[in-house]
file final37.pdb (PDB, C-alpha atoms)
ATOM      1  CA  MET A   4      -3.756  38.809 -75.818
ATOM      2  CA  GLU A   5      -0.314  40.310 -75.523
ATOM      3  CA  ARG A   6       2.164  38.941 -73.005
ATOM      4  CA  ILE A   7       2.394  40.993 -69.810
ATOM      5  CA  VAL A   8       5.931  41.110 -68.403
ATOM      6  CA  LEU A   9       6.833  42.678 -65.061
ATOM      7  CA  GLU A  10      10.490  43.221 -64.247
ATOM      8  CA  ALA A  11      11.263  42.713 -60.569
ATOM      9  CA  GLU A  12      14.204  42.503 -58.215
ATOM     10  CA  ARG A  13      14.617  40.844 -54.853
ATOM     11  CA  ARG A  14      13.601  42.940 -51.885
ATOM     12  CA  THR A  15      15.591  42.969 -48.661
ATOM     13  CA  VAL A  16      13.423  45.533 -46.888
ATOM     14  CA  THR A  17      10.425  43.959 -45.131
ATOM     15  CA  GLY A  18       7.841  44.875 -42.531
ATOM     16  CA  LYS A  19       7.059  48.501 -41.762
ATOM     17  CA  LYS A  20      10.259  49.628 -43.478
ATOM     18  CA  VAL A  21       8.647  49.152 -46.914
ATOM     19  CA  LYS A  22       7.236  52.682 -46.586
ATOM     20  CA  VAL A  23      10.685  53.880 -47.668
ATOM     21  CA  LEU A  24      10.400  51.739 -50.813
ATOM     22  CA  ARG A  25       7.017  53.223 -51.642
ATOM     23  CA  ARG A  26       8.374  56.754 -51.216
ATOM     24  CA  ASP A  27      11.123  55.814 -53.699
ATOM     25  CA  GLY A  28       8.532  54.717 -56.282
ATOM     26  CA  LYS A  29       8.829  50.972 -55.685
ATOM     27  CA  LEU A  30       5.909  48.582 -55.261
ATOM     28  CA  PRO A  31       6.554  45.772 -52.762
ATOM     29  CA  ALA A  32       5.257  42.349 -53.748
ATOM     30  CA  VAL A  33       5.787  38.666 -53.110
ATOM     31  CA  VAL A  34       5.974  35.735 -55.517
ATOM     32  CA  TYR A  35       5.357  32.175 -54.308
ATOM     33  CA  GLY A  36       4.202  28.866 -55.687
ATOM     34  CA  HIS A  37       5.499  26.380 -58.219
ATOM     35  CA  GLY A  38       9.281  26.342 -58.578
ATOM     36  CA  ILE A  39      10.018  29.222 -56.205
ATOM     37  CA  GLU A  40      10.232  29.721 -52.457
ATOM     38  CA  PRO A  41       8.139  32.648 -51.195
ATOM     39  CA  THR A  42      10.292  35.584 -52.295
ATOM     40  CA  PRO A  43       9.806  39.256 -51.432
ATOM     41  CA  ILE A  44      10.244  41.349 -54.581
ATOM     42  CA  GLN A  45       9.914  44.958 -55.650
ATOM     43  CA  MET A  46       9.086  46.597 -58.959
ATOM     44  CA  ASP A  47       8.622  50.068 -60.387
ATOM     45  CA  GLU A  48       5.309  51.332 -59.014
ATOM     46  CA  ILE A  49       4.224  53.343 -62.068
ATOM     47  CA  VAL A  50       4.976  50.563 -64.572
ATOM     48  CA  ALA A  51       3.420  47.850 -62.389
ATOM     49  CA  THR A  52       0.277  49.893 -61.693
ATOM     50  CA  LYS A  53      -0.189  50.592 -65.390
ATOM     51  CA  LEU A  54       0.314  46.949 -66.428
ATOM     52  CA  LEU A  55      -1.801  45.493 -63.605
ATOM     53  CA  ALA A  56      -4.739  47.869 -64.197
ATOM     54  CA  SER A  57      -6.182  45.605 -66.895
ATOM     55  CA  VAL A  58      -5.138  42.303 -65.323
ATOM     56  CA  GLY A  59      -7.750  40.087 -63.705
ATOM     57  CA  SER A  60      -7.270  37.177 -61.330
ATOM     58  CA  SER A  61      -7.252  34.772 -64.277
ATOM     59  CA  THR A  62      -4.730  36.642 -66.443
ATOM     60  CA  LEU A  63      -1.280  35.139 -66.761
ATOM     61  CA  VAL A  64       1.629  37.525 -66.173
ATOM     62  CA  THR A  65       5.358  36.895 -66.457
ATOM     63  CA  ILE A  66       7.623  37.940 -63.599
ATOM     64  CA  GLN A  67      11.250  38.487 -64.653
ATOM     65  CA  LEU A  68      13.434  38.047 -61.581
ATOM     66  CA  GLU A  69      17.235  37.813 -61.737
ATOM     67  CA  GLY A  70      17.309  36.311 -65.229
ATOM     68  CA  GLU A  71      14.527  33.824 -64.488
ATOM     69  CA  GLU A  72      10.953  34.045 -65.756
ATOM     70  CA  TYR A  73       7.968  32.868 -63.742
ATOM     71  CA  ALA A  74       4.438  32.518 -65.119
ATOM     72  CA  ALA A  75       2.165  33.820 -62.384
ATOM     73  CA  LEU A  76      -1.377  34.821 -61.475
ATOM     74  CA  VAL A  77      -2.266  37.860 -59.375
ATOM     75  CA  ARG A  78      -3.759  36.427 -56.194
ATOM     76  CA  GLU A  79      -4.165  39.526 -54.018
ATOM     77  CA  ARG A  80      -3.832  43.292 -54.379
ATOM     78  CA  GLN A  81      -3.640  45.589 -51.399
ATOM     79  CA  ARG A  82      -4.605  49.220 -51.892
ATOM     80  CA  ASP A  83      -4.298  52.406 -49.902
ATOM     81  CA  ILE A  84      -7.671  53.102 -48.281
ATOM     82  CA  ILE A  85      -7.775  56.771 -49.238
ATOM     83  CA  TYR A  86      -5.817  57.099 -52.478
ATOM     84  CA  ARG A  87      -6.670  53.602 -53.861
ATOM     85  CA  ASN A  88      -3.135  53.117 -55.225
ATOM     86  CA  LEU A  89      -1.473  49.704 -54.991
ATOM     87  CA  THR A  90       0.549  49.098 -51.832
ATOM     88  CA  HIS A  91       1.357  45.369 -52.227
ATOM     89  CA  VAL A  92       0.709  42.520 -54.684
ATOM     90  CA  ASP A  93       0.821  38.732 -54.229
ATOM     91  CA  PHE A  94       1.774  36.651 -57.275
ATOM     92  CA  GLN A  95       1.325  32.876 -57.429
ATOM     93  CA  ALA A  96       3.813  31.190 -59.745
ATOM     94  CA  VAL A  97       2.202  28.356 -61.717
ATOM     95  CA  SER A  98       3.399  25.415 -63.765
ATOM     96  CA  MET A  99       2.334  25.536 -67.408
ATOM     97  CA  THR A 100       1.778  21.738 -67.331
ATOM     98  CA  GLU A 101      -0.434  21.525 -64.219
ATOM     99  CA  THR A 102      -4.040  22.637 -63.909
ATOM    100  CA  VAL A 103      -4.916  25.656 -61.778
ATOM    101  CA  ARG A 104      -8.123  26.877 -60.193
ATOM    102  CA  ALA A 105      -9.318  30.411 -60.740
ATOM    103  CA  ASN A 106     -12.418  32.556 -60.372
ATOM    104  CA  VAL A 107     -13.368  34.034 -63.728
ATOM    105  CA  PRO A 108     -15.904  36.870 -64.019
ATOM    106  CA  ILE A 109     -19.143  36.231 -65.890
ATOM    107  CA  TYR A 110     -20.133  38.873 -68.449
ATOM    108  CA  ILE A 111     -23.784  38.950 -69.505
ATOM    109  CA  SER A 112     -24.249  40.511 -72.926
ATOM    110  CA  ASP A 113     -26.244  43.722 -73.065
ATOM    111  CA  GLU A 114     -28.110  42.429 -76.105
ATOM    112  CA  ALA A 115     -31.817  42.170 -75.301
ATOM    113  CA  SER A 116     -33.380  38.742 -75.053
ATOM    114  CA  PRO A 117     -36.704  37.887 -76.728
ATOM    115  CA  ALA A 118     -38.325  37.707 -73.262
ATOM    116  CA  VAL A 119     -37.389  41.345 -72.617
ATOM    117  CA  GLU A 120     -38.519  42.546 -76.036
ATOM    118  CA  ASN A 121     -41.775  40.555 -76.212
ATOM    119  CA  TYR A 122     -42.928  40.388 -72.577
ATOM    120  CA  GLY A 123     -41.077  43.223 -70.827
ATOM    121  CA  ALA A 124     -39.206  40.707 -68.692
ATOM    122  CA  ILE A 125     -36.473  41.682 -66.271
ATOM    123  CA  ILE A 126     -33.204  39.744 -66.394
ATOM    124  CA  ASN A 127     -32.104  38.774 -62.881
ATOM    125  CA  THR A 128     -28.632  37.377 -62.358
ATOM    126  CA  GLY A 129     -27.302  34.804 -59.939
ATOM    127  CA  ILE A 130     -23.552  34.396 -59.595
ATOM    128  CA  ASP A 131     -21.089  36.808 -61.149
ATOM    129  CA  VAL A 132     -17.946  34.635 -61.071
ATOM    130  CA  LEU A 133     -17.357  31.059 -62.143
ATOM    131  CA  GLU A 134     -14.774  28.824 -60.473
ATOM    132  CA  ILE A 135     -12.905  26.901 -63.150
ATOM    133  CA  GLU A 136      -9.969  24.541 -63.502
ATOM    134  CA  CYS A 137      -7.652  24.330 -66.521
ATOM    135  CA  LEU A 138      -4.083  24.743 -67.685
ATOM    136  CA  PRO A 139      -2.756  28.293 -67.130
ATOM    137  CA  GLN A 140      -2.493  29.075 -70.852
ATOM    138  CA  ASP A 141      -6.188  28.139 -71.306
ATOM    139  CA  LEU A 142      -7.495  30.533 -68.626
ATOM    140  CA  PRO A 143     -10.176  32.804 -70.096
ATOM    141  CA  GLU A 144     -10.249  36.422 -68.908
ATOM    142  CA  ARG A 145     -14.028  36.254 -68.670
ATOM    143  CA  ILE A 146     -16.956  33.994 -69.554
ATOM    144  CA  ASP A 147     -19.427  35.616 -71.962
ATOM    145  CA  ILE A 148     -23.096  34.674 -71.543
ATOM    146  CA  ASP A 149     -25.525  35.116 -74.435
ATOM    147  CA  ILE A 150     -29.047  35.770 -73.112
ATOM    148  CA  SER A 151     -30.762  35.438 -76.496
ATOM    149  CA  SER A 152     -31.913  31.958 -75.401
ATOM    150  CA  LEU A 153     -34.210  33.535 -72.796
ATOM    151  CA  GLU A 154     -37.348  33.567 -74.952
ATOM    152  CA  GLU A 155     -40.127  33.521 -72.350
ATOM    153  CA  ILE A 156     -40.647  34.536 -68.748
ATOM    154  CA  GLY A 157     -39.222  31.844 -66.496
ATOM    155  CA  ASP A 158     -36.484  30.775 -68.922
ATOM    156  CA  SER A 159     -33.110  30.553 -67.248
ATOM    157  CA  ILE A 160     -29.447  29.908 -67.907
ATOM    158  CA  LEU A 161     -27.658  27.596 -65.497
ATOM    159  CA  VAL A 162     -23.960  26.785 -65.104
ATOM    160  CA  ARG A 163     -24.459  23.565 -67.080
ATOM    161  CA  ASP A 164     -25.719  25.621 -70.067
ATOM    162  CA  ILE A 165     -22.498  27.634 -70.418
ATOM    163  CA  PRO A 166     -20.331  26.630 -73.381
ATOM    164  CA  LEU A 167     -16.768  26.537 -72.024
ATOM    165  CA  PRO A 168     -13.570  26.614 -74.088
ATOM    166  CA  ASP A 169     -11.733  23.329 -74.649
ATOM    167  CA  GLY A 170      -9.773  22.197 -71.604
ATOM    168  CA  VAL A 171     -11.785  24.363 -69.181
ATOM    169  CA  VAL A 172     -13.891  22.644 -66.500
ATOM    170  CA  THR A 173     -16.244  24.401 -64.095
ATOM    171  CA  LEU A 174     -16.143  23.513 -60.406
ATOM    172  CA  ASP A 175     -19.467  25.185 -59.587
ATOM    173  CA  ASP A 176     -22.695  23.217 -59.138
ATOM    174  CA  PRO A 177     -24.231  22.653 -62.611
ATOM    175  CA  GLU A 178     -27.653  23.717 -61.244
ATOM    176  CA  THR A 179     -26.429  27.158 -60.116
ATOM    177  CA  LEU A 180     -28.413  30.023 -61.646
ATOM    178  CA  ILE A 181     -26.623  32.464 -63.962
ATOM    179  CA  ALA A 182     -29.610  34.452 -65.316
ATOM    180  CA  VAL A 183     -33.398  34.196 -65.396
ATOM    181  CA  ALA A 184     -36.116  36.142 -67.222
ATOM    182  CA  SER A 185     -38.582  37.307 -64.551
ATOM    183  CA  SER A 186     -41.919  39.000 -64.999
ATOM    184  CA  PRO A 187     -41.976  42.712 -64.207
ATOM    185  CA  ILE A 188     -43.694  43.720 -60.990
ATOM    186  CA  SER A 189     -46.634  46.074 -61.431
ATOM    187  CA  GLU A 190     -47.125  49.059 -59.116
ATOM    188  CA  GLU A 191     -50.178  47.336 -57.545
ATOM    189  CA  GLU A 192     -48.132  44.221 -56.693
ATOM    190  CA  LEU A 193     -45.336  46.393 -55.321
ATOM    191  CA  GLU A 194     -47.713  48.051 -52.842
TER     192      GLU A 194
END
call {"tool": "encode", "arguments": {"input": "final37.pdb", "output": "structure tokens"}}
result
Amino acid sequence: MERIVLEAERRTVTGKKVKVLRRDGKLPAVVYGHGIEPTPIQMDEIVATKLLASVGSSTLVTIQLEGEEYAALVRERQRDIIYRNLTHVDFQAVSMTETVRANVPIYISDEASPAVENYGAIINTGIDVLEIECLPQDLPERIDIDISSLEEIGDSILVRDIPLPDGVVTLDDPETLIAVASSPISEEELE
């Protein structure tokens, strides 16, 4: 994946006065964490919104601030209730040599499993994010789950069954359900 770089500058305006910044096309944010004191920053709203649209909570971004570069993760986004545009972003600076924890979305393939094709099974899902720990450069954007192993009704995929990339460790219970092939409910059973 290409490197995402956000240019920022220190922000002196804080509190309710940041409305003036937003009117001027600036997005207020804060960067904190490894190697930096919590620092209020601002960036161009249009550029930041465009770059952050495809960024998940496990995607590494680079914050350029006063000649320094900080590898960071997006920890929180605040949005306007009505217009849904970004109003504030929290970035957590990370060390590239220390492990981090992140929630990574689980993506279940839309390929049909043998249980669906042969028995008309319904695929029910459990969790939709996986808590992992790894070095920042090893963070996956998502975890892909192949449901082709669900051959019969009752077959399931648990956290322990997920093949993870090298250096990535899950922090979730290995017995947690990801997906299960369930029998369809007939109209008589529904009533």
call {"tool": "resolve_selection", "arguments": {"input": "final37.pdb", "expression": "the PyMOL selection byres ((chain A and resi 13) around 10)", "output": "MDAnalysis selection string"}}
result
chainID A and resid 11:12 14:16 31:33 42:46 68:69
call {"tool": "write_last_selection", "arguments": {"input": "final37.pdb", "atoms": "C-alpha atoms", "output": "mmCIF file, in the frame of the given file"}}
result
data_model
loop_
_atom_site.group_PDB
_atom_site.id
_atom_site.type_symbol
_atom_site.label_atom_id
_atom_site.label_comp_id
_atom_site.auth_asym_id
_atom_site.auth_seq_id
_atom_site.Cartn_x
_atom_site.Cartn_y
_atom_site.Cartn_z
ATOM 1 C CA ALA A 11 11.263 42.713 -60.569
ATOM 2 C CA GLU A 12 14.204 42.503 -58.215
ATOM 3 C CA ARG A 14 13.601 42.940 -51.885
ATOM 4 C CA THR A 15 15.591 42.969 -48.661
ATOM 5 C CA VAL A 16 13.423 45.533 -46.888
ATOM 6 C CA PRO A 31 6.554 45.772 -52.762
ATOM 7 C CA ALA A 32 5.257 42.349 -53.748
ATOM 8 C CA VAL A 33 5.787 38.666 -53.110
ATOM 9 C CA THR A 42 10.292 35.584 -52.295
ATOM 10 C CA PRO A 43 9.806 39.256 -51.432
ATOM 11 C CA ILE A 44 10.244 41.349 -54.581
ATOM 12 C CA GLN A 45 9.914 44.958 -55.650
ATOM 13 C CA MET A 46 9.086 46.597 -58.959
ATOM 14 C CA LEU A 68 13.434 38.047 -61.581
ATOM 15 C CA GLU A 69 17.235 37.813 -61.737
#
call {"tool": "resolve_selection", "arguments": {"input": "final37.pdb", "expression": "the PyMOL selection byres ((chain A and resi 67) around 8)", "output": "number ranges by chain"}}
result
A: 8-11, 65-66, 68-73
call {"tool": "resolve_selection", "arguments": {"input": "final37.pdb", "expression": "the PyMOL selection byres ((chain A and resi 184) around 12)", "output": "PyMOL selection string"}}
result
chain A and resi 115-129+150-160+180-183+185-187
call {"tool": "closest_residue", "arguments": {"input": "final37.pdb", "among": "A:Lys22, A:Val107, A:Cys137, A:Glu178", "to": "Thr62 in chain A", "atoms": "all atoms listed in the file"}}
result
A:Val107
call {"tool": "atom_distance", "arguments": {"input": "final37.pdb", "atom1": "CA of Leu133 in chain A", "atom2": "CA of Ile39 in chain A"}}
result
28.1 Å
call {"tool": "atom_distance", "arguments": {"input": "final37.pdb", "atom1": "CA of Ile130 in chain A", "atom2": "CA of Pro168 in chain A"}}
result
19.2 Å
call {"tool": "closest_atom_pairs", "arguments": {"input": "final37.pdb", "of": "range 30-73 of chain A", "to": "range 78-86 of chain A", "cutoff": "12 Å", "atoms": "all atoms listed in the file", "output": "JSON lines"}}
result
{"residue": "A:Leu30", "atom": "CA", "partner": "A:Gln81", "partner_atom": "CA", "distance": 10.7}
{"residue": "A:Pro31", "atom": "CA", "partner": "A:Gln81", "partner_atom": "CA", "distance": 10.3}
{"residue": "A:Ala32", "atom": "CA", "partner": "A:Arg80", "partner_atom": "CA", "distance": 9.2}
{"residue": "A:Val33", "atom": "CA", "partner": "A:Glu79", "partner_atom": "CA", "distance": 10.0}
{"residue": "A:Val34", "atom": "CA", "partner": "A:Arg78", "partner_atom": "CA", "distance": 9.8}
{"residue": "A:Tyr35", "atom": "CA", "partner": "A:Arg78", "partner_atom": "CA", "distance": 10.2}
{"residue": "A:Gly36", "atom": "CA", "partner": "A:Arg78", "partner_atom": "CA", "distance": 11.0}
{"residue": "A:Ala51", "atom": "CA", "partner": "A:Arg80", "partner_atom": "CA", "distance": 11.7}
{"residue": "A:Thr52", "atom": "CA", "partner": "A:Arg80", "partner_atom": "CA", "distance": 10.7}
{"residue": "A:Leu55", "atom": "CA", "partner": "A:Arg80", "partner_atom": "CA", "distance": 9.7}
{"residue": "A:Ala56", "atom": "CA", "partner": "A:Arg80", "partner_atom": "CA", "distance": 10.9}
{"residue": "A:Val58", "atom": "CA", "partner": "A:Arg78", "partner_atom": "CA", "distance": 10.9}
{"residue": "A:Gly59", "atom": "CA", "partner": "A:Arg78", "partner_atom": "CA", "distance": 9.3}
{"residue": "A:Ser60", "atom": "CA", "partner": "A:Arg78", "partner_atom": "CA", "distance": 6.3}
{"residue": "A:Ser61", "atom": "CA", "partner": "A:Arg78", "partner_atom": "CA", "distance": 9.0}
{"residue": "A:Thr62", "atom": "CA", "partner": "A:Arg78", "partner_atom": "CA", "distance": 10.3}
{"residue": "A:Leu63", "atom": "CA", "partner": "A:Arg78", "partner_atom": "CA", "distance": 10.9}
{"residue": "A:Val64", "atom": "CA", "partner": "A:Arg78", "partner_atom": "CA", "distance": 11.4}
call {"tool": "closest_residue", "arguments": {"input": "final37.pdb", "among": "A:Pro177, A:Gly170, A:Pro108, A:Pro41", "to": "Ile148 in chain A", "atoms": "all atoms listed in the file"}}
result
A:Pro108
call {"tool": "atom_distance", "arguments": {"input": "final37.pdb", "atom1": "CA of Ala96 in chain A", "atom2": "CA of Val77 in chain A"}}
result
9.0 Å
call {"tool": "residues_around", "arguments": {"input": "final37.pdb", "residues": "Ala105 in chain A", "least_positions_apart": "6", "cutoff": "7 Å", "atoms": "only C-alpha atoms", "output": "list in words"}}
result
Ser61, Glu134, Ile135 and Glu136 of chain A
call {"tool": "closest_residue", "arguments": {"input": "final37.pdb", "among": "A:Asp176, A:Gln95, A:Tyr110, A:Val171", "to": "Asp147 in chain A", "atoms": "only C-alpha atoms"}}
result
A:Tyr110
call {"tool": "closest_residue", "arguments": {"input": "final37.pdb", "among": "A:Ile188, A:Leu138, A:Asp113, A:Asp164", "to": "Ser98 in chain A", "atoms": "only C-alpha atoms"}}
result
A:Leu138
call {"tool": "decode", "arguments": {"input": "final37.pdb", "residues": "range 14-26 of chain A", "atoms": "all heavy atoms", "output": "PDB file, in the first residue's frame"}}
result
ATOM      1  N   ARG A  14      -1.074  24.080  16.208  1.00  0.00           N
ATOM      2  CA  ARG A  14      -2.298  24.871  16.349  1.00  0.00           C
ATOM      3  C   ARG A  14      -2.256  25.605  17.677  1.00  0.00           C
ATOM      4  O   ARG A  14      -2.016  25.002  18.720  1.00  0.00           O
ATOM      5  CB  ARG A  14      -3.495  23.917  16.268  1.00  0.00           C
ATOM      6  CG  ARG A  14      -4.828  24.502  16.624  1.00  0.00           C
ATOM      7  CD  ARG A  14      -5.965  23.549  16.261  1.00  0.00           C
ATOM      8  NE  ARG A  14      -5.861  22.224  16.812  1.00  0.00           N
ATOM      9  CZ  ARG A  14      -6.490  21.803  17.910  1.00  0.00           C
ATOM     10  NH1 ARG A  14      -7.234  22.634  18.599  1.00  0.00           N
ATOM     11  NH2 ARG A  14      -6.371  20.551  18.321  1.00  0.00           N
ATOM     12  N   THR A  15      -2.486  26.899  17.639  1.00  0.00           N
ATOM     13  CA  THR A  15      -2.508  27.688  18.875  1.00  0.00           C
ATOM     14  C   THR A  15      -3.937  27.934  19.347  1.00  0.00           C
ATOM     15  O   THR A  15      -4.169  28.215  20.508  1.00  0.00           O
ATOM     16  CB  THR A  15      -1.805  29.046  18.666  1.00  0.00           C
ATOM     17  OG1 THR A  15      -2.419  29.718  17.566  1.00  0.00           O
ATOM     18  CG2 THR A  15      -0.323  28.850  18.401  1.00  0.00           C
ATOM     19  N   VAL A  16      -4.881  27.823  18.424  1.00  0.00           N
ATOM     20  CA  VAL A  16      -6.287  28.035  18.757  1.00  0.00           C
ATOM     21  C   VAL A  16      -6.848  26.737  19.330  1.00  0.00           C
ATOM     22  O   VAL A  16      -6.709  25.671  18.731  1.00  0.00           O
ATOM     23  CB  VAL A  16      -7.084  28.445  17.494  1.00  0.00           C
ATOM     24  CG1 VAL A  16      -8.554  28.606  17.814  1.00  0.00           C
ATOM     25  CG2 VAL A  16      -6.511  29.701  16.892  1.00  0.00           C
ATOM     26  N   THR A  17      -7.469  26.833  20.513  1.00  0.00           N
ATOM     27  CA  THR A  17      -8.058  25.641  21.141  1.00  0.00           C
ATOM     28  C   THR A  17      -9.460  25.978  21.646  1.00  0.00           C
ATOM     29  O   THR A  17      -9.878  27.130  21.619  1.00  0.00           O
ATOM     30  CB  THR A  17      -7.191  25.148  22.326  1.00  0.00           C
ATOM     31  OG1 THR A  17      -7.049  26.218  23.266  1.00  0.00           O
ATOM     32  CG2 THR A  17      -5.827  24.680  21.857  1.00  0.00           C
ATOM     33  N   GLY A  18     -10.145  24.964  22.111  1.00  0.00           N
ATOM     34  CA  GLY A  18     -11.474  25.162  22.684  1.00  0.00           C
ATOM     35  C   GLY A  18     -12.507  25.515  21.629  1.00  0.00           C
ATOM     36  O   GLY A  18     -12.445  25.067  20.490  1.00  0.00           O
ATOM     37  N   LYS A  19     -13.457  26.351  22.012  1.00  0.00           N
ATOM     38  CA  LYS A  19     -14.551  26.710  21.109  1.00  0.00           C
ATOM     39  C   LYS A  19     -14.088  27.606  19.965  1.00  0.00           C
ATOM     40  O   LYS A  19     -14.803  27.781  18.988  1.00  0.00           O
ATOM     41  CB  LYS A  19     -15.670  27.390  21.884  1.00  0.00           C
ATOM     42  CG  LYS A  19     -16.361  26.442  22.843  1.00  0.00           C
ATOM     43  CD  LYS A  19     -17.531  27.086  23.514  1.00  0.00           C
ATOM     44  CE  LYS A  19     -18.207  26.082  24.431  1.00  0.00           C
ATOM     45  NZ  LYS A  19     -19.415  26.603  25.031  1.00  0.00           N
ATOM     46  N   LYS A  20     -12.902  28.156  20.066  1.00  0.00           N
ATOM     47  CA  LYS A  20     -12.396  29.047  19.025  1.00  0.00           C
ATOM     48  C   LYS A  20     -11.985  28.304  17.751  1.00  0.00           C
ATOM     49  O   LYS A  20     -11.699  28.926  16.748  1.00  0.00           O
ATOM     50  CB  LYS A  20     -11.207  29.851  19.554  1.00  0.00           C
ATOM     51  CG  LYS A  20     -11.575  30.757  20.711  1.00  0.00           C
ATOM     52  CD  LYS A  20     -10.361  31.470  21.244  1.00  0.00           C
ATOM     53  CE  LYS A  20     -10.725  32.283  22.477  1.00  0.00           C
ATOM     54  NZ  LYS A  20      -9.546  32.875  23.102  1.00  0.00           N
ATOM     55  N   VAL A  21     -11.967  26.966  17.791  1.00  0.00           N
ATOM     56  CA  VAL A  21     -11.570  26.209  16.598  1.00  0.00           C
ATOM     57  C   VAL A  21     -12.606  26.311  15.478  1.00  0.00           C
ATOM     58  O   VAL A  21     -12.314  25.966  14.342  1.00  0.00           O
ATOM     59  CB  VAL A  21     -11.281  24.713  16.900  1.00  0.00           C
ATOM     60  CG1 VAL A  21     -10.112  24.561  17.819  1.00  0.00           C
ATOM     61  CG2 VAL A  21     -12.500  24.010  17.435  1.00  0.00           C
ATOM     62  N   LYS A  22     -13.788  26.836  15.784  1.00  0.00           N
ATOM     63  CA  LYS A  22     -14.793  27.052  14.737  1.00  0.00           C
ATOM     64  C   LYS A  22     -14.242  27.978  13.656  1.00  0.00           C
ATOM     65  O   LYS A  22     -14.542  27.817  12.478  1.00  0.00           O
ATOM     66  CB  LYS A  22     -16.067  27.651  15.332  1.00  0.00           C
ATOM     67  CG  LYS A  22     -16.849  26.694  16.191  1.00  0.00           C
ATOM     68  CD  LYS A  22     -18.082  27.364  16.756  1.00  0.00           C
ATOM     69  CE  LYS A  22     -18.813  26.419  17.691  1.00  0.00           C
ATOM     70  NZ  LYS A  22     -19.990  27.043  18.296  1.00  0.00           N
ATOM     71  N   VAL A  23     -13.424  28.942  14.065  1.00  0.00           N
ATOM     72  CA  VAL A  23     -12.810  29.868  13.112  1.00  0.00           C
ATOM     73  C   VAL A  23     -11.875  29.098  12.179  1.00  0.00           C
ATOM     74  O   VAL A  23     -11.846  29.342  10.973  1.00  0.00           O
ATOM     75  CB  VAL A  23     -12.040  30.989  13.860  1.00  0.00           C
ATOM     76  CG1 VAL A  23     -11.285  31.872  12.889  1.00  0.00           C
ATOM     77  CG2 VAL A  23     -12.999  31.796  14.713  1.00  0.00           C
ATOM     78  N   LEU A  24     -11.134  28.149  12.730  1.00  0.00           N
ATOM     79  CA  LEU A  24     -10.243  27.315  11.909  1.00  0.00           C
ATOM     80  C   LEU A  24     -11.045  26.544  10.870  1.00  0.00           C
ATOM     81  O   LEU A  24     -10.661  26.477   9.703  1.00  0.00           O
ATOM     82  CB  LEU A  24      -9.474  26.313  12.778  1.00  0.00           C
ATOM     83  CG  LEU A  24      -8.345  26.831  13.632  1.00  0.00           C
ATOM     84  CD1 LEU A  24      -7.771  25.686  14.461  1.00  0.00           C
ATOM     85  CD2 LEU A  24      -7.271  27.463  12.793  1.00  0.00           C
ATOM     86  N   ARG A  25     -12.133  25.941  11.300  1.00  0.00           N
ATOM     87  CA  ARG A  25     -12.953  25.152  10.388  1.00  0.00           C
ATOM     88  C   ARG A  25     -13.520  26.014   9.265  1.00  0.00           C
ATOM     89  O   ARG A  25     -13.580  25.580   8.121  1.00  0.00           O
ATOM     90  CB  ARG A  25     -14.072  24.452  11.156  1.00  0.00           C
ATOM     91  CG  ARG A  25     -13.557  23.361  12.067  1.00  0.00           C
ATOM     92  CD  ARG A  25     -14.691  22.540  12.672  1.00  0.00           C
ATOM     93  NE  ARG A  25     -14.174  21.687  13.707  1.00  0.00           N
ATOM     94  CZ  ARG A  25     -14.380  21.876  15.012  1.00  0.00           C
ATOM     95  NH1 ARG A  25     -15.126  22.885  15.430  1.00  0.00           N
ATOM     96  NH2 ARG A  25     -13.865  21.053  15.888  1.00  0.00           N
ATOM     97  N   ARG A  26     -13.929  27.239   9.608  1.00  0.00           N
ATOM     98  CA  ARG A  26     -14.437  28.151   8.574  1.00  0.00           C
ATOM     99  C   ARG A  26     -13.341  28.505   7.561  1.00  0.00           C
ATOM    100  O   ARG A  26     -13.624  28.775   6.410  1.00  0.00           O
ATOM    101  CB  ARG A  26     -14.992  29.426   9.206  1.00  0.00           C
ATOM    102  CG  ARG A  26     -16.408  29.263   9.725  1.00  0.00           C
ATOM    103  CD  ARG A  26     -17.035  30.611  10.017  1.00  0.00           C
ATOM    104  NE  ARG A  26     -16.323  31.324  11.075  1.00  0.00           N
ATOM    105  CZ  ARG A  26     -16.726  31.407  12.335  1.00  0.00           C
ATOM    106  NH1 ARG A  26     -17.837  30.818  12.700  1.00  0.00           N
ATOM    107  NH2 ARG A  26     -16.033  32.070  13.223  1.00  0.00           N
TER     108      ARG A  26
END
